[in-house]
Amino acid sequence: MTFIRYTAPSQFELTRIGGHATAGLIKDVVMLGGYQELDFDFVADNPGPTLFHCHQQLHMDFGFMALFQYV
(Lines give C-alpha, C1' and ligand atoms only; values in the text may rest on other atoms or scores of the structure.)
Protein backbone atom coordinates (compact mmCIF):
# COMPACT_ATOMS: atom_id res chain seq x y z
CA MET A 1 0.00 0.00 0.00
CA THR A 2 1.24 3.48 -0.81
CA PHE A 3 0.88 6.48 1.46
CA ILE A 4 1.09 10.08 0.37
CA ARG A 5 2.15 12.50 3.07
CA TYR A 6 1.37 16.16 2.59
CA THR A 7 1.66 19.45 4.43
CA ALA A 8 -0.19 22.42 3.04
CA PRO A 9 0.87 25.14 2.38
CA SER A 10 4.47 24.40 3.47
CA GLN A 11 7.36 22.71 1.73
CA PHE A 12 9.88 20.54 3.54
CA GLU A 13 13.32 19.06 3.01
CA LEU A 14 13.27 15.29 2.91
CA THR A 15 16.24 14.13 5.02
CA ARG A 16 15.63 10.39 5.20
CA ILE A 17 13.21 7.97 3.51
CA GLY A 18 13.03 4.23 3.88
CA GLY A 19 16.23 4.21 5.93
CA HIS A 20 18.24 6.10 3.31
CA ALA A 21 19.63 9.56 4.02
CA THR A 22 18.86 12.29 1.51
CA ALA A 23 19.78 15.96 1.24
CA GLY A 24 18.47 18.90 -0.72
CA LEU A 25 15.16 17.33 -1.76
CA ILE A 26 12.48 20.01 -1.31
CA LYS A 27 8.96 18.58 -1.45
CA ASP A 28 5.37 19.27 -0.47
CA VAL A 29 4.19 15.70 -1.13
CA VAL A 30 6.01 12.39 -0.73
CA MET A 31 4.89 8.81 -1.39
CA LEU A 32 5.65 6.10 1.15
CA GLY A 33 5.30 2.35 0.96
CA GLY A 34 3.62 0.39 3.74
CA TYR A 35 5.49 0.59 7.07
CA GLN A 36 8.03 2.95 5.51
CA GLU A 37 9.24 5.95 7.52
CA LEU A 38 10.60 9.35 6.59
CA ASP A 39 12.31 12.25 8.32
CA PHE A 40 11.94 15.82 7.19
CA ASP A 41 12.84 19.37 8.19
CA PHE A 42 10.75 22.43 7.56
CA VAL A 43 10.85 26.08 8.49
CA ALA A 44 7.65 27.43 10.06
CA ASP A 45 7.72 30.66 8.06
CA ASN A 46 4.16 30.67 6.70
CA PRO A 47 1.97 31.36 9.76
CA GLY A 48 -1.51 29.93 9.91
CA PRO A 49 -3.20 26.55 9.78
CA THR A 50 -1.30 23.67 8.19
CA LEU A 51 -2.92 20.36 7.29
CA PHE A 52 -0.80 17.23 7.77
CA HIS A 53 -2.50 14.27 6.11
CA CYS A 54 -2.42 11.22 3.92
CA HIS A 55 -4.10 11.42 0.51
CA GLN A 56 -5.72 8.01 1.01
CA GLN A 57 -9.32 8.84 1.96
CA LEU A 58 -9.68 5.74 4.14
CA HIS A 59 -6.57 6.74 6.09
CA MET A 60 -7.94 10.25 6.65
CA ASP A 61 -11.24 8.73 7.75
CA PHE A 62 -9.35 6.72 10.37
CA GLY A 63 -7.53 9.78 11.67
CA PHE A 64 -4.31 10.07 9.68
CA MET A 65 -4.87 13.79 9.42
CA ALA A 66 -4.12 16.72 11.73
CA LEU A 67 -4.49 20.45 11.53
CA PHE A 68 -1.83 22.41 13.35
CA GLN A 69 -1.18 26.12 13.49
CA TYR A 70 2.05 28.00 13.92
CA VAL A 71 2.58 31.71 14.47
# chains A, B, ... in the order shown; residues from 1 in each chain; ligands from 1

call {"tool": "residues_around", "arguments": {"residues": "A:Gln36", "least_positions_apart": "2", "cutoff": "9 Å", "atoms": "only C-alpha atoms", "output": "list of chain:residue names"}}
result
A:Phe3, A:Ile17, A:Gly18, A:Gly19, A:Leu32, A:Gly33, A:Gly34, A:Leu38

call {"tool": "residues_around", "arguments": {"residues": "A:Ser10", "least_positions_apart": "4", "cutoff": "9 Å", "atoms": "only C-alpha atoms", "output": "PDB file with N, CA, C and O atoms, in the first residue's frame"}}
result
ATOM      1  N   TYR A   6       1.463  14.814   3.127  1.00  0.00           N
ATOM      2  CA  TYR A   6       1.368  16.155   2.589  1.00  0.00           C
ATOM      3  C   TYR A   6       1.231  17.182   3.698  1.00  0.00           C
ATOM      4  O   TYR A   6       0.534  16.945   4.667  1.00  0.00           O
ATOM      5  N   LYS A  27      10.218  19.189  -1.029  1.00  0.00           N
ATOM      6  CA  LYS A  27       8.963  18.578  -1.453  1.00  0.00           C
ATOM      7  C   LYS A  27       7.785  19.226  -0.735  1.00  0.00           C
ATOM      8  O   LYS A  27       7.954  19.917   0.256  1.00  0.00           O
ATOM      9  N   ASP A  28       6.580  18.984  -1.233  1.00  0.00           N
ATOM     10  CA  ASP A  28       5.374  19.265  -0.472  1.00  0.00           C
ATOM     11  C   ASP A  28       4.500  18.022  -0.396  1.00  0.00           C
ATOM     12  O   ASP A  28       3.533  17.977   0.350  1.00  0.00           O
ATOM     13  N   PHE A  42      11.391  21.311   8.217  1.00  0.00           N
ATOM     14  CA  PHE A  42      10.749  22.428   7.560  1.00  0.00           C
ATOM     15  C   PHE A  42      10.812  23.653   8.447  1.00  0.00           C
ATOM     16  O   PHE A  42      10.933  23.556   9.656  1.00  0.00           O
ATOM     17  N   VAL A  43      10.784  24.808   7.807  1.00  0.00           N
ATOM     18  CA  VAL A  43      10.845  26.083   8.493  1.00  0.00           C
ATOM     19  C   VAL A  43       9.421  26.615   8.603  1.00  0.00           C
ATOM     20  O   VAL A  43       8.713  26.724   7.605  1.00  0.00           O
ATOM     21  N   ALA A  44       9.002  26.917   9.822  1.00  0.00           N
ATOM     22  CA  ALA A  44       7.648  27.428  10.061  1.00  0.00           C
ATOM     23  C   ALA A  44       7.624  28.920   9.758  1.00  0.00           C
ATOM     24  O   ALA A  44       7.567  29.758  10.642  1.00  0.00           O
ATOM     25  N   ASP A  45       7.661  29.256   8.463  1.00  0.00           N
ATOM     26  CA  ASP A  45       7.715  30.662   8.056  1.00  0.00           C
ATOM     27  C   ASP A  45       6.472  31.115   7.307  1.00  0.00           C
ATOM     28  O   ASP A  45       6.456  32.157   6.671  1.00  0.00           O
ATOM     29  N   ASN A  46       5.425  30.325   7.356  1.00  0.00           N
ATOM     30  CA  ASN A  46       4.162  30.667   6.703  1.00  0.00           C
ATOM     31  C   ASN A  46       3.052  30.509   7.740  1.00  0.00           C
ATOM     32  O   ASN A  46       2.344  29.509   7.760  1.00  0.00           O
ATOM     33  N   THR A  50      -1.978  24.587   9.096  1.00  0.00           N
ATOM     34  CA  THR A  50      -1.298  23.665   8.191  1.00  0.00           C
ATOM     35  C   THR A  50      -1.914  22.287   8.361  1.00  0.00           C
ATOM     36  O   THR A  50      -2.042  21.789   9.475  1.00  0.00           O
TER      37      THR A  50
END

call {"tool": "select_by_dssp", "arguments": {"residues": "chain A", "states": "alpha helix (DSSP H)", "output": "list of chain:residue names"}}
result
A:Gln57, A:Leu58, A:His59, A:Met60, A:Asp61

call {"tool": "residues_around", "arguments": {"residues": "A:Asp39", "least_positions_apart": "2", "cutoff": "7 Å", "atoms": "only C-alpha atoms", "output": "PyMOL selection string"}}
result
chain A and resi 14-17

call {"tool": "write_last_selection", "arguments": {"atoms": "N, CA and C atoms", "output": "PDB file, in the first residue's frame"}}
result
ATOM      1  N   LEU A  14      13.244  16.710   2.589  1.00  0.00           N
ATOM      2  CA  LEU A  14      13.268  15.291   2.914  1.00  0.00           C
ATOM      3  C   LEU A  14      14.691  14.914   3.309  1.00  0.00           C
ATOM      4  N   THR A  15      14.887  14.442   4.545  1.00  0.00           N
ATOM      5  CA  THR A  15      16.239  14.130   5.022  1.00  0.00           C
ATOM      6  C   THR A  15      16.515  12.638   5.126  1.00  0.00           C
ATOM      7  N   ARG A  16      15.461  11.831   5.167  1.00  0.00           N
ATOM      8  CA  ARG A  16      15.629  10.385   5.200  1.00  0.00           C
ATOM      9  C   ARG A  16      14.316   9.749   4.761  1.00  0.00           C
ATOM     10  N   ILE A  17      14.403   8.724   3.916  1.00  0.00           N
ATOM     11  CA  ILE A  17      13.214   7.971   3.510  1.00  0.00           C
ATOM     12  C   ILE A  17      13.586   6.511   3.368  1.00  0.00           C
TER      13      ILE A  17
END

call {"tool": "atom_distance", "arguments": {"atom1": "atom CA of A:Cys54", "atom2": "atom CA of A:His20"}}
result
21.3 Å
